[in-house]
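Student: Contents of data-v7.txt (compact mmCIF, C-alpha atoms) are below:
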```txt
# COMPACT_ATOMS: atom_id res chain seq x y z
CA MET A 1 0.00 0.00 0.00
CA GLY A 2 2.54 2.62 1.11
CA ASP A 3 5.36 0.97 -0.87
CA HIS A 4 3.61 1.11 -4.28
CA LYS A 5 5.98 3.03 -6.59
CA ASP A 6 4.77 2.10 -10.11
CA ASP A 7 3.33 5.58 -10.63
CA GLY A 8 6.35 7.35 -9.11
CA ILE A 9 4.45 8.67 -6.07
CA ASN A 10 4.69 7.16 -2.61
CA ILE A 11 1.93 8.55 -0.35
CA ASP A 12 2.22 8.12 3.39
CA PRO A 13 -1.32 7.62 4.83
CA ALA A 14 -0.19 9.03 8.19
CA TYR A 15 0.90 12.23 6.42
CA VAL A 16 -2.50 12.57 4.75
CA ARG A 17 -4.21 12.01 8.14
CA ALA A 18 -1.98 14.72 9.66
CA LEU A 19 -3.04 17.14 6.90
CA ALA A 20 -6.70 16.27 7.57
CA GLU A 21 -6.19 17.00 11.28
CA LEU A 22 -4.62 20.33 10.31
CA LEU A 23 -7.86 21.16 8.47
CA ASP A 24 -9.77 20.58 11.71
CA ASP A 25 -7.31 22.58 13.81
CA THR A 26 -7.26 25.62 11.50
CA SER A 27 -10.86 25.62 10.17
CA LEU A 28 -9.48 25.58 6.63
CA THR A 29 -11.46 23.88 3.87
CA GLU A 30 -8.49 22.57 1.93
CA ILE A 31 -4.73 22.14 2.08
CA GLU A 32 -2.36 21.51 -0.83
CA VAL A 33 1.28 20.55 -0.25
CA GLU A 34 3.87 20.20 -3.00
CA ASP A 35 7.27 18.56 -2.54
CA GLY A 36 9.18 18.17 -5.79
CA ASP A 37 7.07 15.95 -8.07
CA ARG A 38 4.73 15.01 -5.23
CA LYS A 39 1.56 17.01 -4.70
CA VAL A 40 -1.04 16.18 -2.03
CA ARG A 41 -4.36 18.03 -1.76
CA VAL A 42 -6.78 17.38 1.11
CA ALA A 43 -10.21 19.05 0.99
CA ARG A 44 -13.40 18.74 2.99
CA LYS A 45 -16.89 18.97 1.59
CA ALA A 46 -18.30 19.14 5.13
CA ALA A 47 -16.58 22.52 5.53
CA VAL A 48 -19.01 23.96 2.96
CA ALA A 49 -21.66 23.79 5.68
CA ALA A 50 -19.33 25.87 7.84
CA ALA A 51 -19.01 28.55 5.14
CA PRO A 52 -22.17 30.40 6.26
CA VAL A 53 -20.63 30.60 9.73
CA ALA A 54 -17.59 32.33 8.22
CA TYR A 55 -19.92 34.77 6.47
CA ALA A 56 -21.80 35.49 9.72
CA PRO A 57 -19.86 38.75 10.32
CA ALA A 58 -20.98 40.07 6.91
CA PRO A 59 -24.67 40.08 7.91
CA VAL A 60 -23.64 41.94 11.08
CA ALA A 61 -22.44 44.73 8.79
CA ALA A 62 -25.61 44.45 6.71
CA PRO A 63 -27.98 45.40 9.58
CA ALA A 64 -25.85 48.49 10.17
CA ALA A 65 -26.37 49.38 6.52
CA THR A 66 -30.04 48.37 6.70
CA ALA A 67 -30.80 50.35 9.86
CA PRO A 68 -30.13 53.77 8.30
CA ALA A 69 -31.61 52.48 5.05
CA ALA A 70 -35.13 53.64 5.78
CA ALA A 71 -35.02 54.99 2.26
CA PRO A 72 -34.64 52.21 -0.34
CA VAL A 73 -32.04 54.30 -2.19
CA ALA A 74 -29.48 53.78 0.62
CA THR A 75 -29.71 50.00 0.30
CA ALA A 76 -28.65 49.94 -3.36
CA PRO A 77 -25.26 51.63 -2.80
CA ALA A 78 -24.48 49.22 0.02
CA ALA A 79 -25.10 46.27 -2.30
CA ALA A 80 -23.07 47.97 -5.03
CA SER A 81 -20.15 48.52 -2.65
CA PHE A 82 -19.98 44.77 -2.01
CA ALA A 83 -20.12 44.16 -5.76
CA ASP A 84 -17.13 46.50 -6.17
CA ALA A 85 -15.33 45.09 -3.14
CA VAL A 86 -11.89 43.51 -3.36
CA LYS A 87 -12.49 39.83 -2.61
CA SER A 88 -10.34 37.31 -0.81
CA PRO A 89 -8.07 35.32 -3.11
CA MET A 90 -7.71 32.56 -0.50
CA VAL A 91 -8.97 30.96 2.68
CA GLY A 92 -7.27 32.17 5.84
CA THR A 93 -7.32 34.64 8.72
CA VAL A 94 -7.46 38.40 8.12
CA TYR A 95 -5.24 40.82 9.97
CA LEU A 96 -5.77 44.56 9.56
CA SER A 97 -2.38 45.52 11.06
CA PRO A 98 1.15 44.21 10.55
CA GLU A 99 1.40 42.96 14.15
CA PRO A 100 -0.69 42.95 17.35
CA GLY A 101 -0.92 46.41 18.88
CA ALA A 102 0.26 48.17 15.72
CA PRO A 103 -2.00 50.63 13.88
CA ASN A 104 -4.04 49.27 10.96
CA PHE A 105 -2.52 49.39 7.49
CA ALA A 106 -5.36 51.73 6.44
CA SER A 107 -8.60 53.03 7.92
CA ILE A 108 -11.90 54.00 6.34
CA GLY A 109 -11.56 57.38 4.66
CA ALA A 110 -7.82 57.03 4.15
CA ALA A 111 -6.28 57.62 0.73
CA VAL A 112 -4.54 54.55 -0.66
CA LYS A 113 -2.36 54.14 -3.71
CA ALA A 114 -2.38 51.16 -6.05
CA GLY A 115 -0.12 48.54 -4.51
CA ASP A 116 -0.50 49.74 -0.90
CA THR A 117 -1.08 46.90 1.57
CA VAL A 118 -4.60 47.22 3.03
CA LEU A 119 -4.60 43.98 5.06
CA ILE A 120 -2.93 40.60 5.23
CA ILE A 121 -4.34 37.08 5.13
CA GLU A 122 -2.51 34.37 7.00
CA ALA A 123 -2.77 30.99 5.31
CA MET A 124 -0.71 28.05 6.56
CA LYS A 125 1.57 30.34 8.60
CA VAL A 126 2.33 32.51 5.55
CA MET A 127 1.40 36.21 5.68
CA ASN A 128 -0.03 37.25 2.30
CA PRO A 129 -0.39 41.00 1.72
CA ILE A 130 -3.63 42.06 0.05
CA VAL A 131 -2.98 45.30 -1.81
CA ALA A 132 -5.14 48.06 -3.21
CA PRO A 133 -5.77 47.31 -6.89
CA ALA A 134 -6.16 51.03 -7.68
CA SER A 135 -5.63 54.39 -6.05
CA GLY A 136 -8.56 55.96 -4.23
CA THR A 137 -10.24 56.26 -0.85
CA LEU A 138 -10.88 53.27 1.38
CA THR A 139 -14.67 53.46 1.72
CA GLY A 140 -15.36 50.20 3.51
CA VAL A 141 -13.72 47.33 5.36
CA HIS A 142 -16.03 44.31 5.34
CA VAL A 143 -14.04 42.08 7.71
CA GLU A 144 -12.80 42.31 11.28
CA ASN A 145 -9.30 41.73 12.62
CA SER A 146 -8.49 38.03 13.23
CA GLN A 147 -11.62 36.95 11.35
CA PRO A 148 -11.47 33.77 9.26
CA VAL A 149 -12.34 34.38 5.61
CA GLU A 150 -13.34 32.17 2.72
CA PHE A 151 -12.29 32.40 -0.90
CA ASP A 152 -14.11 35.22 -2.77
CA GLN A 153 -15.44 36.85 0.43
CA PRO A 154 -15.63 40.69 0.23
CA LEU A 155 -12.71 42.29 2.11
CA PHE A 156 -12.71 46.03 1.41
CA THR A 157 -13.94 48.66 -1.02
CA ILE A 158 -11.99 51.50 -2.63
CA ALA A 159 -13.72 54.33 -4.49
```
Mind turning this structure into structure tokens?
Tutor:
Amino acid sequence: MGDHKDDGINIDPAYVRALAELLDDTSLTEIEVEDGDRKVRVARKAAVAAAPVAYAPAPVAAPAATAPAAAPVATAPAAASFADAVKSPMVGTVYLSPEPGAPNFASIGAAVKAGDTVLIIEAMKVMNPIVAPASGTLTGVHVENSQPVEFDQPLFTIA
């Protein structure tokens, strides 16, 4: 079983189990590891049910937008801002500042230039900077510090 080498790949079942446990420990939905010619990807379908839990903070922001939206006109821009939002390119944990206790990279109303880091997403102990795609004003941050995010989840909006 573990010694089968006809296809050139020797997979250690204990290693795959360890990756699956890492999914549980980190609340990630998938992990892919590459070592030379070997590539192992472990994904969970059950985590899809957990995705609405990860999106739970987004509806918290929606009632804030809905509360002042007594006029239907105010609701449309809020929906449009999410449509224009920069979305997460990966699953991970969002951090709004470079380290605990440090000021945020940017705050709402701040001018940002294309390429400026707005936040970082930690995925598998790697800090990935998420940069402003264009210059403008940061008009919304749709996530909270240390919040887990899913792929394609709205992160921030620049106008």
Student: How far is it from atom CA of A:Asn128 to atom CA of A:Ile158, in Å with one decimal?
Tutor: 19.2 Å
Student: Need the shell around A:Gly140: protein/DNA/RNA residues with any atom at most 7 Å away, counting only C-alpha atoms. Skip same-chain ones fewer than 5 positions apart. Format as a CSV table (one decimal) with C-alpha atoms, in the coordinates of the input?
Tutor:
```csv
chain,number,residue,atom,x,y,z
A,108,ILE,CA,-11.9,54.0,6.3
A,156,PHE,CA,-12.7,46.0,1.4
A,157,THR,CA,-13.9,48.7,-1.0
```
Student: Would you kindly return, as a ChimeraX atom specification, each protein, DNA or RNA residue with an atom no farther than 10 Å from any atom of A:Met90, considering all atoms listed in the file and excluding same-chain residues fewer than 6 positions away?
Tutor: /A:121-123,128,149-153
Student: Can I get the selected residues back with C-alpha atoms, as a tab-separated table (two decimals), in the frame of the given file?
Tutor:
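The new file out_37.tsv reads:
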```
chain	number	residue	atom	x	y	z
A	121	ILE	CA	-4.34	37.08	5.13
A	122	GLU	CA	-2.51	34.37	7.00
A	123	ALA	CA	-2.77	30.99	5.31
A	128	ASN	CA	-0.03	37.25	2.30
A	149	VAL	CA	-12.34	34.38	5.61
A	150	GLU	CA	-13.34	32.17	2.72
A	151	PHE	CA	-12.29	32.40	-0.90
A	152	ASP	CA	-14.11	35.22	-2.77
A	153	GLN	CA	-15.44	36.85	0.43
```
Student: Could you check the closest approach to A:Asp37 for each of A:Leu96, A:Ala83, A:Ile11, A:Leu23 and tell me which residue wins, using only C-alpha atoms?
Tutor: A:Ile11
Student: Which residue is closest to A:Pro133? Choose from A:Leu119, A:Val86, A:Ala18, A:Ala110 and count only C-alpha atoms.
Tutor: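 Of A:Leu119, A:Val86, A:Ala18, A:Ala110, the one nearest A:Pro133, counting only C-alpha atoms, is A:Val86.
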Student: Which one is closest to A:Ala85: A:Ser146, A:Glu32, A:Asp24, A:Ala134? Count only C-alpha atoms.
Tutor: A:Ala134
Student: Measuring atom to atom with all atoms listed in the file, identify which of A:Val91, A:Ala132, A:Val40, A:Val112 is nearest to A:Asn10.
Tutor: A:Val40
Student: Between atom CA of A:Ala106 and atom CA of A:Asn145, measure the distance and give it in Å to one decimal.
Tutor: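 Distance reported for this atom pair: 12.4 Å.
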Student: Report, in Å to a single decimal, how far apart atom CA of A:Gly136 and atom CA of A:Ile120 are.
Tutor: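 Here the two named atoms are 18.9 Å from each other.
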Student: Nearest to A:Phe82 among A:Lys125, A:His142, A:Arg41, A:Lys113, with distances taken over all atoms listed in the file: which residue is it?
Tutor: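 That would be A:His142, the residue with the smallest distance to A:Phe82.
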Student: Have a look at A:Arg44, A:Ser97, A:Gly36, A:Pro13 and name the one nearest to A:Met127; count all atoms listed in the file.
Tutor: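 Nearest candidate to A:Met127 out of A:Arg44, A:Ser97, A:Gly36, A:Pro13: A:Ser97.
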